[in-house]
Each structure stands twice: as C-alpha cells, then as structure tokens.
Amino acid sequence: MNTQELVMLAMQASIMITVFSFGLEATTGDVLHLLRRPALLARSLVAMFIVMPIVAVAMTLFFDLPQPVEIALVALSVSPIPPLLPKKQGKAGGDTSYAIGLLVTMAVLSVVVIPLALWVLGKVFGRPLTVQPFAVAWIVVKAAVVPILLGMVFRVALPELAARLVRPARLVGGILLALIALAILAASWHAIVAAAVHGSALAIAIFVVIGLLTGHLMGPHDAENRVVLALSCASRHPGIAMALGTATFPEASGVGVTILLYLVISTVVSMIYIKLRPRVPADRQTGPAA
C-alpha cells in the first residue's frame with residue numbers, strides 16, 4: 001500500500017467515523033424529515049441538482065477557464081453534500097433534522113441523479129461523460145448511508161453507550177480528518193498556489209458565492225433551514241467530485257488540486273456567510289419548513 005492509498009483509506013475512515021457519530025444521535029424522524037416535506041424536498045433538489053449544474057456549465061461556456069477548473073466545477077455541481085456538513089450546519093444554527101435528512105436523501109438520490117446529470121452534461125460538452133451507476137452507488141452508500149444507519153441501530157440497541165460515544169467518535173473523526181487535510185495541503189501547497197492564478201480562485205469563489213445565494217434565496221423562510229440549504233448548495237463531496245472528474249476526463253491533470261483549492265475557498269467563504277448572514281429572532285421563527 002503506497003502513501004496515496006494510505007491517505008485515502010484514512011480519509012474514508014475519518015468520514016465514516018464522523019457519519020457514524022451522527023447516526024448515534026439521529027432518529028428515524030431525522031432521516032425521513034425531507035420525505036415528509038415534499039415541497040422542501042423539491043426545492044432542495046432543484047437548488048442543488050438543477051440550478052448549480054446550470055451555473056457550472058454557464059461558467060465553463062462564458063469564461064475562459066483552465067480545463068481542470070471546468071471539470072472540477074461540473075463534477076462538484078453534481079456531487080452530493082459532504083458527510084461532515086451537518087456538523088457545520090448545526091454550529092451555524094441550522095436545523096439538524098433537515099441537515100441529516102438532506103445528507104441521507106441526496107446521497108441515495110445521487111445514485112440516479114449523477115449518471116443522469118453526466119449524460120445531460122455530455123450532450124452540452126459534445127462528448128460522453130459516463131460513469132458506472134454501481135460505482136457511484138458504492139461511493140455514496142459507503143460514505144454516508146451505511147455509517148449513519150449503523151449508528152442508528154447502535155443507538156436503538158445500546159442507547160446509553162451510544163450517547164457516551166458521540167463526542168469521542170466525532171473528536172476522533174475530526175482530528176483524523178484535520179491531520180489528513182494538513183498532510184495533503186503540505187504536500188500539494190505549490191500546486192494549489194499555481195492553480196489559484198489565471199482566475200481559477202476567483203471562478204471557484206464565484207461558484208461558491210452563487211451556491212450560497214441559491215440556497216439562501218430558495219430555502220424556506222425560517223433561518224434554520226435557509227442556512228442548511230445555502231451551505232449544501234455551496235459545499236459538495238470532494239471525494240466523489242474527484243472520482244467523477246478523473247473518471248470522465250482521465251487525460252486531464254490538475255483536477256484533484258483544483259478541488260483541494262475549492263475546499264479551502266469554500267470553507268473561507270462559507271465562514272464569512274455564517275458570520276454575516278441575517279439572524280432571525282427565535283420568536284419570529286414559526287412552524288416547520290415547507
């Protein structure tokens with residue numbers, strides 16, 4: 001096993017541990033949250049899997065971007081949200097039930113949405129952008145669906161132990177992911193800086209800002225759910241995006257570095273959004289989201 005394979009294995013382990021920790025707290029109501037709110041489900045789907053891919057394609061058509069940036073933006077626009085996002089959304093004041101429901105629902109729907117989206121985008125780019133549906137299914141099921149379901153089963157079987165394991169599991173997953181991120185950034189720092197020139201960083205920042213605005217404007221009126229959809233539109237699963245980019249354009253180089261640059265920029269821009277977004281007083285937030 002080489003260094004790259006070891007890093008990828010550690011990253012998968014950290015993500016699975018973190019998602020498992022969400023399952024230790026999640027309820028069936030959390031997982032079914034969106035299915036019980038079809039209007040909110042439809043709005044979330046349109047924002048994430050229709051508006052954002054259109055934005056990505058428009059940017060590739062109207063801006064003279066390097067090929068790795070074009071590929072990365074398109075791949076990110078059709079990828080599901082990252083399994084770590086509910087933690088960020090919770091800290092931002094988001095509705096945890098909506099965040100977990102969105103995570104699970106979008107992960108399951110990605111099995112169908114990603115191949116369909118790539119087929120449509122292939123027509124736009126004039127070349128087939130195919131990916132094996134089973135490969136997509138395995139990635140999203142392994143990263144999100146199975147760990148959260150295992151956590152939920154553990155919570156039902158051993159509720160007291162599950163409650164005690166939440167914080168340690170989340171801490172281990174977070175520390176492991178932070179160490180991996182630092183290692184990758186240290187090893188690829190020069191390549192990331194090089195990718196930031198020629199407007200690449202600006203294009204990625206524009207994509208993230210549009211994602212935040214799309215989710216914020218299309219989200220429900222209550223602030224708790226609006227921040228969840230905003231962060232979900234702007235933040236996508238980097239592992240799946242990287243796999244899609246390299247699978248559909250194997251001859252292109254620099255896609256992985258561009259996605260690492262996206263991770264840095266999306267984190268910074270999202271933090272600014274969280275700090276500056278309008279706050280709605282608790283007494284003005286009414287009823288469930290629709």
# chains A, B, ... in the order shown; residues from 1 in each chain; ligands from 1
>>> closest_atom_pairs(of="region 176-250 of chain A", to="region 53-70 of chain A", cutoff="10 Å", atoms="only C-alpha atoms", output="Markdown table")
| residue | atom | partner | partner_atom | distance |
| --- | --- | --- | --- | --- |
| A:Ala195 | CA | A:Val69 | CA | 8.6 |
| A:Ala196 | CA | A:Val69 | CA | 10.0 |
| A:His198 | CA | A:Leu65 | CA | 8.0 |
| A:Gly199 | CA | A:Leu65 | CA | 7.4 |
| A:Ser200 | CA | A:Val69 | CA | 6.6 |
| A:Ala201 | CA | A:Val69 | CA | 9.2 |
| A:Ala203 | CA | A:Met59 | CA | 8.0 |
| A:Ile204 | CA | A:Val69 | CA | 7.9 |
| A:Ile206 | CA | A:Met59 | CA | 9.4 |
| A:Phe207 | CA | A:Ala56 | CA | 7.3 |
| A:Ile210 | CA | A:Val55 | CA | 8.0 |
| A:Gly211 | CA | A:Val55 | CA | 8.8 |
| A:Gly245 | CA | A:Pro68 | CA | 8.6 |
| A:Thr246 | CA | A:Pro68 | CA | 9.9 |
| A:Phe249 | CA | A:Pro68 | CA | 9.3 |
>>> residues_around(residues="Gly29 (chain A)", least_positions_apart="5", cutoff="9 Å", atoms="only C-alpha atoms", output="NGL selection string")
:A and (36 or 97 or 101)
>>> write_last_selection(atoms="N, CA, C and O atoms", output="PDB file, in the first residue's frame")
ATOM      1  N   ARG A  36     -41.171  13.711   4.407  1.00  0.00           N
ATOM      2  CA  ARG A  36     -42.434  14.170   4.988  1.00  0.00           C
ATOM      3  C   ARG A  36     -42.734  15.616   4.603  1.00  0.00           C
ATOM      4  O   ARG A  36     -43.795  16.136   4.967  1.00  0.00           O
ATOM      5  N   SER A  97     -32.198  18.158  11.947  1.00  0.00           N
ATOM      6  CA  SER A  97     -33.054  17.170  11.289  1.00  0.00           C
ATOM      7  C   SER A  97     -33.039  17.365   9.772  1.00  0.00           C
ATOM      8  O   SER A  97     -32.936  16.408   9.005  1.00  0.00           O
ATOM      9  N   GLY A 101     -31.418  14.738   7.205  1.00  0.00           N
ATOM     10  CA  GLY A 101     -32.344  14.261   6.172  1.00  0.00           C
ATOM     11  C   GLY A 101     -31.842  14.584   4.782  1.00  0.00           C
ATOM     12  O   GLY A 101     -31.939  13.768   3.850  1.00  0.00           O
TER      13      GLY A 101
END
>>> residues_around(residues="Phe20 (chain A)", least_positions_apart="5", cutoff="9 Å", atoms="only C-alpha atoms", output="MDAnalysis selection string")
chainID A and resid 15 144 146:152 166 169:170
>>> atom_distance(atom1="CA of Leu202 (chain A)", atom2="CA of Ala75 (chain A)")
17.7 Å
>>> closest_residue(among="A:Leu35, A:Ile240, A:Val156, A:Val257", to="Val111 (chain A)", atoms="only C-alpha atoms")
A:Ile240
>>> select_by_dssp(residues="region 27-254 of chain A", states="alpha helix (DSSP H)", output="count of residues only")
171
>>> closest_residue(among="A:Val19, A:Ala230, A:Leu260, A:Leu103", to="Ala47 (chain A)", atoms="only C-alpha atoms")
A:Ala230
>>> residues_around(residues="Ala117 (chain A)", least_positions_apart="2", cutoff="9 Å", atoms="only C-alpha atoms", output="short mmCIF file (atom, residue, chain, number, x, y, z; two decimals) with N, CA and C atoms, in the first residue's frame")
data_model
loop_
_atom_site.label_atom_id
_atom_site.label_comp_id
_atom_site.auth_asym_id
_atom_site.auth_seq_id
_atom_site.Cartn_x
_atom_site.Cartn_y
_atom_site.Cartn_z
N PHE A 49 -29.33 20.17 -7.60
CA PHE A 49 -29.05 19.32 -8.75
C PHE A 49 -29.54 19.87 -10.09
N ILE A 50 -30.14 21.04 -10.08
CA ILE A 50 -30.53 21.68 -11.35
C ILE A 50 -29.86 23.05 -11.48
N PRO A 53 -25.69 22.79 -11.33
CA PRO A 53 -25.08 22.32 -12.58
C PRO A 53 -25.22 23.33 -13.72
N VAL A 78 -22.57 18.28 -9.45
CA VAL A 78 -23.46 17.12 -9.46
C VAL A 78 -23.16 16.16 -8.31
N VAL A 112 -28.97 7.90 -8.85
CA VAL A 112 -29.69 8.12 -10.10
C VAL A 112 -29.33 9.46 -10.72
N VAL A 113 -29.19 10.49 -9.87
CA VAL A 113 -29.00 11.85 -10.37
C VAL A 113 -27.66 12.03 -11.06
N ILE A 114 -26.58 11.49 -10.51
CA ILE A 114 -25.26 11.72 -11.07
C ILE A 114 -25.12 11.15 -12.49
N PRO A 115 -25.46 9.87 -12.74
CA PRO A 115 -25.37 9.39 -14.12
C PRO A 115 -26.27 10.18 -15.08
N TRP A 119 -24.97 12.48 -18.23
CA TRP A 119 -25.47 12.25 -19.59
C TRP A 119 -25.90 13.58 -20.23
N VAL A 120 -26.63 14.40 -19.45
CA VAL A 120 -27.08 15.70 -19.96
C VAL A 120 -25.88 16.61 -20.23
N LEU A 121 -24.94 16.63 -19.30
CA LEU A 121 -23.76 17.47 -19.48
C LEU A 121 -22.91 16.99 -20.64
N GLY A 122 -22.92 15.68 -20.89
CA GLY A 122 -22.20 15.15 -22.04
C GLY A 122 -22.74 15.69 -23.35
#
>>> closest_residue(among="A:Pro80, A:Pro220, A:Pro168, A:Gly173", to="Ala13 (chain A)", atoms="only C-alpha atoms")
A:Gly173
>>> residues_around(residues="Arg164 (chain A)", least_positions_apart="3", cutoff="12 Å", atoms="only C-alpha atoms", output="NGL selection string")
:A and (21 or 24-25 or 154-155 or 158-161 or 167-170)
>>> write_last_selection(atoms="all heavy atoms", output="mmCIF file, in the first residue's frame")
data_model
loop_
_atom_site.group_PDB
_atom_site.id
_atom_site.type_symbol
_atom_site.label_atom_id
_atom_site.label_comp_id
_atom_site.auth_asym_id
_atom_site.auth_seq_id
_atom_site.Cartn_x
_atom_site.Cartn_y
_atom_site.Cartn_z
ATOM 1 N N SER A 21 -21.060 8.880 14.019
ATOM 2 C CA SER A 21 -21.390 9.668 15.212
ATOM 3 C C SER A 21 -22.712 10.412 15.033
ATOM 4 O O SER A 21 -23.461 10.589 15.992
ATOM 5 C CB SER A 21 -20.267 10.661 15.515
ATOM 6 O OG SER A 21 -20.232 11.725 14.585
ATOM 7 N N LEU A 24 -25.467 8.008 15.743
ATOM 8 C CA LEU A 24 -25.666 7.742 17.164
ATOM 9 C C LEU A 24 -26.676 8.699 17.782
ATOM 10 O O LEU A 24 -27.245 8.414 18.838
ATOM 11 C CB LEU A 24 -24.329 7.855 17.909
ATOM 12 C CG LEU A 24 -23.279 6.789 17.583
ATOM 13 C CD1 LEU A 24 -21.965 7.105 18.293
ATOM 14 C CD2 LEU A 24 -23.770 5.395 17.975
ATOM 15 N N GLU A 25 -26.888 9.858 17.136
ATOM 16 C CA GLU A 25 -27.862 10.838 17.629
ATOM 17 C C GLU A 25 -29.110 10.914 16.763
ATOM 18 O O GLU A 25 -30.135 11.442 17.194
ATOM 19 C CB GLU A 25 -27.225 12.229 17.681
ATOM 20 C CG GLU A 25 -26.156 12.396 18.739
ATOM 21 C CD GLU A 25 -25.638 13.811 18.806
ATOM 22 O OE1 GLU A 25 -25.278 14.359 17.750
ATOM 23 O OE2 GLU A 25 -25.611 14.383 19.908
ATOM 24 N N PHE A 154 -27.136 1.106 16.458
ATOM 25 C CA PHE A 154 -26.393 1.076 17.718
ATOM 26 C C PHE A 154 -27.122 1.884 18.785
ATOM 27 O O PHE A 154 -27.190 1.482 19.952
ATOM 28 C CB PHE A 154 -24.987 1.643 17.490
ATOM 29 C CG PHE A 154 -24.020 1.360 18.608
ATOM 30 C CD1 PHE A 154 -23.162 0.285 18.544
ATOM 31 C CD2 PHE A 154 -23.974 2.181 19.725
ATOM 32 C CE1 PHE A 154 -22.271 0.022 19.572
ATOM 33 C CE2 PHE A 154 -23.095 1.929 20.760
ATOM 34 C CZ PHE A 154 -22.239 0.841 20.684
ATOM 35 N N ARG A 155 -27.696 3.017 18.391
ATOM 36 C CA ARG A 155 -28.419 3.882 19.326
ATOM 37 C C ARG A 155 -29.651 3.175 19.882
ATOM 38 O O ARG A 155 -29.967 3.289 21.079
ATOM 39 C CB ARG A 155 -28.833 5.170 18.624
ATOM 40 C CG ARG A 155 -29.701 6.109 19.457
ATOM 41 C CD ARG A 155 -30.015 7.363 18.650
ATOM 42 N NE ARG A 155 -30.908 8.251 19.386
ATOM 43 C CZ ARG A 155 -32.222 8.196 19.320
ATOM 44 N NH1 ARG A 155 -32.808 7.277 18.558
ATOM 45 N NH2 ARG A 155 -32.969 9.035 20.017
ATOM 46 N N LEU A 158 -28.161 0.066 22.132
ATOM 47 C CA LEU A 158 -27.430 0.469 23.342
ATOM 48 C C LEU A 158 -27.493 1.993 23.494
ATOM 49 O O LEU A 158 -26.492 2.694 23.253
ATOM 50 C CB LEU A 158 -25.974 -0.004 23.270
ATOM 51 C CG LEU A 158 -25.745 -1.521 23.145
ATOM 52 C CD1 LEU A 158 -24.305 -1.812 22.773
ATOM 53 C CD2 LEU A 158 -26.119 -2.212 24.451
ATOM 54 N N PRO A 159 -28.622 2.525 23.874
ATOM 55 C CA PRO A 159 -28.796 3.980 23.889
ATOM 56 C C PRO A 159 -27.846 4.723 24.820
ATOM 57 O O PRO A 159 -27.336 5.784 24.479
ATOM 58 C CB PRO A 159 -30.258 4.150 24.330
ATOM 59 C CG PRO A 159 -30.627 2.864 24.993
ATOM 60 C CD PRO A 159 -29.836 1.815 24.303
ATOM 61 N N GLU A 160 -27.595 4.186 26.015
ATOM 62 C CA GLU A 160 -26.716 4.871 26.963
ATOM 63 C C GLU A 160 -25.275 4.911 26.456
ATOM 64 O O GLU A 160 -24.596 5.947 26.525
ATOM 65 C CB GLU A 160 -26.784 4.195 28.331
ATOM 66 C CG GLU A 160 -28.150 4.321 29.009
ATOM 67 C CD GLU A 160 -28.150 3.695 30.387
ATOM 68 O OE1 GLU A 160 -27.077 3.178 30.811
ATOM 69 O OE2 GLU A 160 -29.198 3.715 31.051
ATOM 70 N N LEU A 161 -24.797 3.781 25.941
ATOM 71 C CA LEU A 161 -23.437 3.731 25.398
ATOM 72 C C LEU A 161 -23.318 4.624 24.160
ATOM 73 O O LEU A 161 -22.296 5.295 23.972
ATOM 74 C CB LEU A 161 -23.068 2.289 25.052
ATOM 75 C CG LEU A 161 -21.663 2.068 24.473
ATOM 76 C CD1 LEU A 161 -20.605 2.576 25.448
ATOM 77 C CD2 LEU A 161 -21.452 0.593 24.140
ATOM 78 N N ARG A 167 -19.438 12.129 21.328
ATOM 79 C CA ARG A 167 -18.352 13.115 21.340
ATOM 80 C C ARG A 167 -16.990 12.498 21.035
ATOM 81 O O ARG A 167 -16.231 13.035 20.226
ATOM 82 C CB ARG A 167 -18.318 13.849 22.679
ATOM 83 C CG ARG A 167 -19.498 14.783 22.889
ATOM 84 C CD ARG A 167 -19.317 15.658 24.097
ATOM 85 N NE ARG A 167 -18.179 16.548 23.942
ATOM 86 C CZ ARG A 167 -17.747 17.367 24.899
ATOM 87 N NH1 ARG A 167 -18.345 17.387 26.084
ATOM 88 N NH2 ARG A 167 -16.706 18.142 24.688
ATOM 89 N N PRO A 168 -16.620 11.339 21.652
ATOM 90 C CA PRO A 168 -15.327 10.734 21.307
ATOM 91 C C PRO A 168 -15.217 10.357 19.833
ATOM 92 O O PRO A 168 -14.173 10.585 19.213
ATOM 93 C CB PRO A 168 -15.272 9.489 22.203
ATOM 94 C CG PRO A 168 -16.176 9.799 23.341
ATOM 95 C CD PRO A 168 -17.269 10.630 22.773
ATOM 96 N N ALA A 169 -16.290 9.779 19.270
ATOM 97 C CA ALA A 169 -16.255 9.385 17.862
ATOM 98 C C ALA A 169 -16.092 10.598 16.961
ATOM 99 O O ALA A 169 -15.291 10.596 16.016
ATOM 100 C CB ALA A 169 -17.528 8.619 17.505
ATOM 101 N N ARG A 170 -16.836 11.655 17.267
ATOM 102 C CA ARG A 170 -16.742 12.867 16.454
ATOM 103 C C ARG A 170 -15.372 13.524 16.605
ATOM 104 O O ARG A 170 -14.826 14.061 15.641
ATOM 105 C CB ARG A 170 -17.854 13.831 16.860
ATOM 106 C CG ARG A 170 -18.186 14.875 15.817
ATOM 107 C CD ARG A 170 -19.537 15.485 16.086
ATOM 108 N NE ARG A 170 -20.607 14.506 15.923
ATOM 109 C CZ ARG A 170 -21.878 14.753 16.207
ATOM 110 N NH1 ARG A 170 -22.236 15.933 16.674
ATOM 111 N NH2 ARG A 170 -22.792 13.822 16.027
#
>>> atom_distance(atom1="CA of Leu213 (chain A)", atom2="CA of Ser77 (chain A)")
14.6 Å
>>> closest_residue(among="A:Val46, A:Leu118, A:Leu32, A:Val145", to="Gly215 (chain A)", atoms="only C-alpha atoms")
A:Val46
